[in-house]
Structure formats: structure tokens, C-alpha cells
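Structure file coords.cif (mmCIF, C-alpha atoms) follows.
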data_run
loop_
_atom_site.group_PDB
_atom_site.id
_atom_site.type_symbol
_atom_site.label_atom_id
_atom_site.label_comp_id
_atom_site.auth_asym_id
_atom_site.auth_seq_id
_atom_site.Cartn_x
_atom_site.Cartn_y
_atom_site.Cartn_z
ATOM 1 C CA MET A 28 -11.883 -34.719 24.612
ATOM 2 C CA SER A 29 -11.503 -34.522 28.397
ATOM 3 C CA MET A 30 -15.279 -34.697 28.707
ATOM 4 C CA LEU A 31 -15.364 -37.955 26.708
ATOM 5 C CA VAL A 32 -12.565 -39.447 28.856
ATOM 6 C CA ALA A 33 -14.413 -38.458 32.043
ATOM 7 C CA GLN A 34 -17.590 -40.009 30.653
ATOM 8 C CA LEU A 35 -15.771 -43.272 29.911
ATOM 9 C CA LYS A 36 -14.126 -43.353 33.363
ATOM 10 C CA ASN A 37 -17.410 -42.777 35.174
ATOM 11 C CA GLN A 38 -19.677 -45.046 33.158
ATOM 12 C CA ASP A 39 -21.662 -47.776 34.853
ATOM 13 C CA PRO A 40 -19.720 -51.074 34.362
ATOM 14 C CA LEU A 41 -23.031 -53.000 34.247
ATOM 15 C CA ALA A 42 -24.380 -50.739 31.465
ATOM 16 C CA PRO A 43 -21.382 -49.620 29.422
ATOM 17 C CA MET A 44 -21.751 -46.861 26.860
ATOM 18 C CA ASP A 45 -22.868 -48.019 23.428
ATOM 19 C CA ASN A 46 -20.028 -48.225 20.841
ATOM 20 C CA ALA A 47 -22.104 -46.197 18.398
ATOM 21 C CA GLN A 48 -22.390 -43.369 20.960
ATOM 22 C CA VAL A 49 -18.635 -43.366 21.597
ATOM 23 C CA THR A 50 -17.928 -43.332 17.855
ATOM 24 C CA SER A 51 -20.444 -40.527 17.300
ATOM 25 C CA GLN A 52 -18.948 -38.386 20.071
ATOM 26 C CA MET A 53 -15.416 -38.946 18.763
ATOM 27 C CA ALA A 54 -16.545 -37.933 15.264
ATOM 28 C CA GLN A 55 -18.108 -34.756 16.686
ATOM 29 C CA LEU A 56 -14.889 -33.957 18.555
ATOM 30 C CA ASN A 57 -12.866 -34.480 15.377
ATOM 31 C CA THR A 58 -15.234 -32.165 13.510
ATOM 32 C CA VAL A 59 -14.867 -29.428 16.152
ATOM 33 C CA THR A 60 -11.079 -29.822 16.106
ATOM 34 C CA GLY A 61 -11.086 -29.638 12.307
ATOM 35 C CA ILE A 62 -13.178 -26.452 12.356
ATOM 36 C CA GLN A 63 -10.815 -24.865 14.892
ATOM 37 C CA ASN A 64 -7.833 -25.737 12.701
ATOM 38 C CA LEU A 65 -9.628 -24.355 9.636
ATOM 39 C CA ASN A 66 -10.402 -21.095 11.465
ATOM 40 C CA SER A 67 -6.765 -20.755 12.495
ATOM 41 C CA THR A 68 -5.600 -21.390 8.932
ATOM 42 C CA MET A 69 -8.078 -18.835 7.550
ATOM 43 C CA GLU A 70 -6.933 -16.207 10.074
ATOM 44 C CA ASN A 71 -3.317 -16.779 9.018
ATOM 45 C CA MET A 72 -4.282 -16.505 5.350
ATOM 46 C CA ALA A 73 -6.233 -13.281 5.988
ATOM 47 C CA ALA A 74 -3.252 -11.743 7.811
ATOM 48 C CA SER A 75 -0.942 -12.773 4.984
ATOM 49 C CA PHE A 76 -3.347 -11.350 2.394
ATOM 50 C CA ALA A 77 -3.613 -8.063 4.330
ATOM 51 C CA GLY A 78 0.178 -7.769 4.362
ATOM 52 C CA SER A 79 0.368 -8.455 0.632
ATOM 53 C CA GLN A 80 -2.403 -5.951 -0.044
ATOM 54 C CA THR A 81 -0.506 -3.269 1.881
ATOM 55 C CA VAL A 82 2.634 -3.881 -0.175
ATOM 56 C CA GLN A 83 0.607 -3.760 -3.407
ATOM 57 C CA SER A 84 -1.149 -0.590 -2.250
ATOM 58 C CA THR A 85 2.146 1.307 -2.208
ATOM 59 C CA ASN A 86 1.610 1.643 -5.979
ATOM 60 C CA MET A 87 -1.314 3.941 -5.166
ATOM 61 C CA LEU A 88 0.826 6.531 -3.349
ATOM 62 C CA GLY A 89 0.552 9.844 -5.183
ATOM 63 C CA ARG A 90 -2.374 8.655 -7.299
ATOM 64 C CA THR A 91 -5.833 10.239 -7.250
ATOM 65 C CA ILE A 92 -8.746 8.060 -6.158
ATOM 66 C CA MET A 93 -12.502 8.470 -6.181
ATOM 67 C CA THR A 94 -14.545 7.138 -3.293
ATOM 68 C CA GLU A 95 -17.843 7.831 -1.568
ATOM 69 C CA GLY A 96 -17.723 11.122 0.346
ATOM 70 C CA ASN A 97 -18.248 14.850 0.019
ATOM 71 C CA ALA A 98 -14.835 16.370 0.811
ATOM 72 C CA MET A 99 -12.821 18.310 -1.738
ATOM 73 C CA ALA A 100 -9.317 19.715 -1.399
ATOM 74 C CA LEU A 101 -8.856 23.225 -2.779
ATOM 75 C CA LYS A 102 -5.295 23.936 -3.844
ATOM 76 C CA ASP A 103 -4.174 26.943 -5.871
ATOM 77 C CA GLY A 104 -7.692 27.761 -7.078
ATOM 78 C CA GLN A 105 -8.582 24.238 -8.180
ATOM 79 C CA ALA A 106 -10.782 21.566 -6.631
ATOM 80 C CA GLU A 107 -12.716 18.677 -8.058
ATOM 81 C CA GLY A 108 -15.687 16.689 -6.869
ATOM 82 C CA ALA A 109 -18.007 14.125 -8.361
ATOM 83 C CA PHE A 110 -21.347 12.410 -7.903
ATOM 84 C CA GLU A 111 -23.080 9.350 -9.233
ATOM 85 C CA LEU A 112 -26.642 9.744 -10.468
ATOM 86 C CA LYS A 113 -28.826 6.669 -10.153
ATOM 87 C CA GLN A 114 -31.133 8.151 -12.808
ATOM 88 C CA ALA A 115 -31.052 11.020 -15.302
ATOM 89 C CA ALA A 116 -31.509 14.495 -13.805
ATOM 90 C CA ASP A 117 -32.730 17.695 -15.453
ATOM 91 C CA SER A 118 -31.528 20.086 -12.730
ATOM 92 C CA ILE A 119 -28.307 19.803 -10.716
ATOM 93 C CA LYS A 120 -27.041 22.215 -8.075
ATOM 94 C CA VAL A 121 -23.753 21.931 -6.128
ATOM 95 C CA GLU A 122 -23.418 23.801 -2.836
ATOM 96 C CA ILE A 123 -19.906 24.211 -1.428
ATOM 97 C CA THR A 124 -19.434 24.856 2.293
ATOM 98 C CA ASN A 125 -16.465 25.910 4.399
ATOM 99 C CA ALA A 126 -15.148 24.235 7.564
ATOM 100 C CA SER A 127 -17.872 25.838 9.705
ATOM 101 C CA GLY A 128 -20.617 24.553 7.380
ATOM 102 C CA GLN A 129 -21.421 27.953 5.874
ATOM 103 C CA ALA A 130 -22.438 27.867 2.195
ATOM 104 C CA ILE A 131 -19.904 29.888 0.222
ATOM 105 C CA ARG A 132 -20.598 28.932 -3.390
ATOM 106 C CA THR A 133 -23.455 27.516 -5.452
ATOM 107 C CA ILE A 134 -22.754 26.029 -8.865
ATOM 108 C CA ASN A 135 -25.582 25.175 -11.268
ATOM 109 C CA LEU A 136 -24.795 22.324 -13.654
ATOM 110 C CA GLU A 137 -26.507 21.189 -16.822
ATOM 111 C CA SER A 138 -28.766 18.175 -16.974
ATOM 112 C CA ALA A 139 -26.988 14.831 -16.904
ATOM 113 C CA GLY A 140 -27.698 11.157 -17.484
ATOM 114 C CA LYS A 141 -27.313 8.239 -15.133
ATOM 115 C CA GLY A 142 -23.694 7.556 -14.081
ATOM 116 C CA ILE A 143 -20.652 9.273 -12.604
ATOM 117 C CA HIS A 144 -20.187 12.993 -13.280
ATOM 118 C CA GLU A 145 -17.270 15.206 -12.254
ATOM 119 C CA PHE A 146 -17.282 18.943 -11.649
ATOM 120 C CA GLY A 147 -14.636 21.542 -10.959
ATOM 121 C CA TRP A 148 -14.546 24.535 -8.641
ATOM 122 C CA ASP A 149 -12.357 27.574 -9.245
ATOM 123 C CA GLY A 150 -11.938 28.325 -5.519
ATOM 124 C CA LYS A 151 -14.092 31.451 -5.565
ATOM 125 C CA ASN A 152 -17.107 32.242 -3.403
ATOM 126 C CA ASN A 153 -20.427 33.578 -4.729
ATOM 127 C CA ASP A 154 -19.000 37.136 -4.712
ATOM 128 C CA GLY A 155 -16.116 36.084 -6.975
ATOM 129 C CA THR A 156 -13.502 36.380 -4.212
ATOM 130 C CA ALA A 157 -10.890 33.631 -4.017
ATOM 131 C CA VAL A 158 -10.966 31.593 -0.789
ATOM 132 C CA GLY A 159 -7.946 29.942 0.844
ATOM 133 C CA ASN A 160 -6.543 26.493 0.223
ATOM 134 C CA GLY A 161 -8.014 23.764 2.399
ATOM 135 C CA THR A 162 -10.651 21.091 2.645
ATOM 136 C CA TYR A 163 -14.225 22.021 1.783
ATOM 137 C CA ARG A 164 -17.465 20.029 1.644
ATOM 138 C CA PHE A 165 -20.055 19.883 -1.094
ATOM 139 C CA LYS A 166 -23.666 18.828 -1.395
ATOM 140 C CA VAL A 167 -25.316 17.945 -4.699
ATOM 141 C CA VAL A 168 -29.056 18.338 -5.157
ATOM 142 C CA ALA A 169 -30.504 16.929 -8.365
ATOM 143 C CA THR A 170 -34.074 16.703 -9.571
ATOM 144 C CA ALA A 171 -35.757 14.698 -12.298
ATOM 145 C CA ALA A 172 -39.236 15.814 -13.404
ATOM 146 C CA GLY A 173 -39.626 17.844 -10.202
ATOM 147 C CA GLN A 174 -38.679 14.950 -7.891
ATOM 148 C CA ASP A 175 -35.400 14.509 -5.987
ATOM 149 C CA ALA A 176 -33.033 12.331 -7.987
ATOM 150 C CA SER A 177 -31.132 9.578 -6.189
ATOM 151 C CA LEU A 178 -27.373 10.161 -6.101
ATOM 152 C CA VAL A 179 -24.156 9.373 -4.234
ATOM 153 C CA HIS A 180 -21.516 12.001 -3.418
ATOM 154 C CA LEU A 181 -18.000 11.060 -4.539
ATOM 155 C CA SER A 182 -14.732 12.591 -3.362
ATOM 156 C CA GLN A 183 -11.538 12.780 -5.304
ATOM 157 C CA ALA A 184 -8.363 12.853 -3.266
ATOM 158 C CA GLN A 185 -4.709 12.096 -3.617
ATOM 159 C CA VAL A 186 -3.323 9.112 -1.721
ATOM 160 C CA VAL A 187 -0.648 10.465 0.644
ATOM 161 C CA GLY A 188 -0.066 7.393 2.822
ATOM 162 C CA LEU A 189 -1.344 3.989 3.809
ATOM 163 C CA ARG A 190 -1.529 1.642 6.742
ATOM 164 C CA ASN A 191 -2.246 -2.029 7.247
ATOM 165 C CA GLY A 192 -5.796 -2.313 8.582
ATOM 166 C CA GLY A 193 -5.343 -5.944 9.634
ATOM 167 C CA ALA A 194 -8.130 -8.271 8.571
ATOM 168 C CA GLU A 195 -9.993 -5.318 7.020
ATOM 169 C CA GLY A 196 -7.184 -4.824 4.482
ATOM 170 C CA SER A 197 -5.188 -1.749 3.558
ATOM 171 C CA VAL A 198 -6.377 1.718 4.495
ATOM 172 C CA LEU A 199 -5.438 4.657 2.265
ATOM 173 C CA LEU A 200 -4.717 8.051 3.840
ATOM 174 C CA THR A 201 -5.889 10.888 1.582
ATOM 175 C CA SER A 202 -5.086 14.548 0.998
ATOM 176 C CA THR A 203 -8.538 15.485 2.363
ATOM 177 C CA GLY A 204 -7.663 13.939 5.741
ATOM 178 C CA THR A 205 -9.909 10.910 5.327
ATOM 179 C CA GLU A 206 -9.073 7.222 5.583
ATOM 180 C CA VAL A 207 -10.442 4.949 2.869
ATOM 181 C CA SER A 208 -10.442 1.166 2.658
ATOM 182 C CA VAL A 209 -8.942 -0.114 -0.582
ATOM 183 C CA ASN A 210 -12.205 -2.013 -1.065
ATOM 184 C CA ASP A 211 -14.161 1.277 -1.171
ATOM 185 C CA VAL A 212 -12.212 2.857 -4.053
ATOM 186 C CA LYS A 213 -14.481 3.462 -7.074
ATOM 187 C CA GLN A 214 -11.845 4.746 -9.515
ATOM 188 C CA ILE A 215 -8.084 5.342 -9.654
ATOM 189 C CA PHE A 216 -6.573 8.074 -11.846
#

Let's see the structure in the file written out as C-alpha cells.
Amino acid sequence: MSMLVAQLKNQDPLAPMDNAQVTSQMAQLNTVTGIQNLNSTMENMAASFAGSQTVQSTNMLGRTIMTEGNAMALKDGQAEGAFELKQAADSIKVEITNASGQAIRTINLESAGKGIHEFGWDGKNNDGTAVGNGTYRFKVVATAAGQDASLVHLSQAQVVGLRNGGAEGSVLLTSTGTEVSVNDVKQIF
């Protein structure tokens, strides 16, 4: 606006600015002002939505969720993991590793069709010895007709806390030590 006022003050009195130009510039300024107001309103709405989402997310405390990832929490000889096959697979192998990345157990699963599949682990290594409670990682390798099958690793974890992530929405804190956006949750149990 100050630029338009300066332009009007400094115009040549013998060749004044065309009315159409002045009107056009004022319309452009109004448009810019309107966009700035719209952006401000949208930011306020996003902040309000994020706050509401955090309050609603408190219902998820203590619930089990499934999201993309390969962590599994072993507690009292029980852990669960999952994967999503993008196609049917005739051979599926799950390799479980400890915190240092060392493979401690291999589980062979039956063939499976396209979709989400869960598996359990009894907390024992390949020698049959029970390992301690904690967070472990898993890797699924699946083949279909001798070729690698496309899949996504899925973690199951209990929601133990949450925080407001601002414009990104609520963030769930899980029993495996990961943080998950509410938008990334695939299933709730």
C-alpha cells in the first residue's frame, strides 16, 4: 500500500497515472491482503485442529497400534510383528535380530496371499534358549516364483504416551521407543 501511495505522490502532474492502472494495483493489493488473511486463518485452524486431535488421541493410550516399522517388543516370552505383502508369496522367512544387529532367530512361515499378515515370536533364539525382555528388530524376506516379493514391515506397539506435534498433528509414543504420527497408524487393536 505504501508503494502505491509513494507512486501517487511522485507521479508527473502533466501525465497523471491512468485510473485503470490505479484500480488494477488496488485490486492486486486487496488480493494480497486477502491471501495473507486466509493464510493466518488457516494457520489458526490447523493449530486448533492439532489441539483437538491431541485430546482425541488420549483414547489411544494403552491401545495397540500397527504402523510401518520393524521393531518388536518382547515381554515375558511374547512378541508380535507383521508385514504387508503386495503380492502372494510362496516362501516367507522372518529373521529376528538383537540390539547389536546379530541374527538370533529365524522363523519360516507358510505361503501367504496378498495383504497384512501377523506372526508371533516365543522369545527364544535358534538354540531354544529364552532371551531377555526388550526391543528387537525383524526382517521379512518373501519370494514368489523365485523372485523377491514386495512387502512392507509393520510394527505392533502399545501406545504409552502422546504429544502435540503442532501442525503435523498428534504424535504417539510407543512401547518400542518409537514416535508415530497419528496419520501413519494402519490399524488399532

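Using all atoms listed in the file, the smallest distance between any of A:Ala169, A:Leu88, A:Ala130, A:Val82 and A:Ile215 comes from A:Leu88.
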
Who sits within 12 Å of A:Asn160, all atoms listed in the file, same chain under 4 positions skipped, as a PyMOL selection string: chain A and resi 99-106+125-126+149-151+203

Would you mind telling me which residue in A:Ala115, A:Gln55, A:Leu136, A:Gln83 lies nearest to A:Ser197 when using all atoms listed in the file? A:Gln83

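Between atom CA of A:Phe110 and atom CA of A:Tyr163 there is a distance of 15.4 Å.
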
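The coordinates place atom CA of A:Val179 at 19.2 Å from atom CA of A:Thr162.
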
Could you expand the PyMOL selection byres ((chain A and resi 190) around 12) into the explicit residues it covers here, written as a list in words? Ala77, Gly78, Ser79, Gln80, Thr81, Val82, Gln83, Ser84, Thr85, Leu88, Val186, Val187, Gly188, Leu189, Asn191, Gly192, Gly193, Glu195, Gly196, Ser197, Val198, Leu199, Leu200, Thr201, Glu206, Val207, Ser208 and Val209 of chain A

Selected residues written out, C-alpha atoms, as a PDB file, keeping the file's coordinate frame:
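Heads up, here's the output in out-v4.pdb:
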ATOM      1  CA  ALA A  77      -3.613  -8.063   4.330  1.00  0.00           C
ATOM      2  CA  GLY A  78       0.178  -7.769   4.362  1.00  0.00           C
ATOM      3  CA  SER A  79       0.368  -8.455   0.632  1.00  0.00           C
ATOM      4  CA  GLN A  80      -2.403  -5.951  -0.044  1.00  0.00           C
ATOM      5  CA  THR A  81      -0.506  -3.269   1.881  1.00  0.00           C
ATOM      6  CA  VAL A  82       2.634  -3.881  -0.175  1.00  0.00           C
ATOM      7  CA  GLN A  83       0.607  -3.760  -3.407  1.00  0.00           C
ATOM      8  CA  SER A  84      -1.149  -0.590  -2.250  1.00  0.00           C
ATOM      9  CA  THR A  85       2.146   1.307  -2.208  1.00  0.00           C
ATOM     10  CA  LEU A  88       0.826   6.531  -3.349  1.00  0.00           C
ATOM     11  CA  VAL A 186      -3.323   9.112  -1.721  1.00  0.00           C
ATOM     12  CA  VAL A 187      -0.648  10.465   0.644  1.00  0.00           C
ATOM     13  CA  GLY A 188      -0.066   7.393   2.822  1.00  0.00           C
ATOM     14  CA  LEU A 189      -1.344   3.989   3.809  1.00  0.00           C
ATOM     15  CA  ASN A 191      -2.246  -2.029   7.247  1.00  0.00           C
ATOM     16  CA  GLY A 192      -5.796  -2.313   8.582  1.00  0.00           C
ATOM     17  CA  GLY A 193      -5.343  -5.944   9.634  1.00  0.00           C
ATOM     18  CA  GLU A 195      -9.993  -5.318   7.020  1.00  0.00           C
ATOM     19  CA  GLY A 196      -7.184  -4.824   4.482  1.00  0.00           C
ATOM     20  CA  SER A 197      -5.188  -1.749   3.558  1.00  0.00           C
ATOM     21  CA  VAL A 198      -6.377   1.718   4.495  1.00  0.00           C
ATOM     22  CA  LEU A 199      -5.438   4.657   2.265  1.00  0.00           C
ATOM     23  CA  LEU A 200      -4.717   8.051   3.840  1.00  0.00           C
ATOM     24  CA  THR A 201      -5.889  10.888   1.582  1.00  0.00           C
ATOM     25  CA  GLU A 206      -9.073   7.222   5.583  1.00  0.00           C
ATOM     26  CA  VAL A 207     -10.442   4.949   2.869  1.00  0.00           C
ATOM     27  CA  SER A 208     -10.442   1.166   2.658  1.00  0.00           C
ATOM     28  CA  VAL A 209      -8.942  -0.114  -0.582  1.00  0.00           C
TER      29      VAL A 209
END

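Relative to atom CA of A:Ile92, atom CA of A:Ala109 is found at 11.3 Å.
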
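Ranking A:Gln48, A:Gln185, A:Ser118, A:Gln174 by their shortest atom-to-atom distance to A:Gln214, with only C-alpha atoms included, puts A:Gln185 first.
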
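Counting only C-alpha atoms, the residue from A:Ala172, A:Ala116, A:Phe165, A:Glu107 that sits nearest to A:Phe146 is A:Glu107.
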
Do you know which residues are at most 7 Å from A:Asp117 counting all atoms listed in the file, after dropping those on the same chain fewer than 2 positions away, and could you put them as a ChimeraX atom specification? /A:115,119,138-139,170-171

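Residue nearest A:Ser182 within the list A:Ile131, A:Ala157, A:Val212, A:Leu65: A:Val212 [criterion: smallest interatomic distance, all atoms listed in the file].
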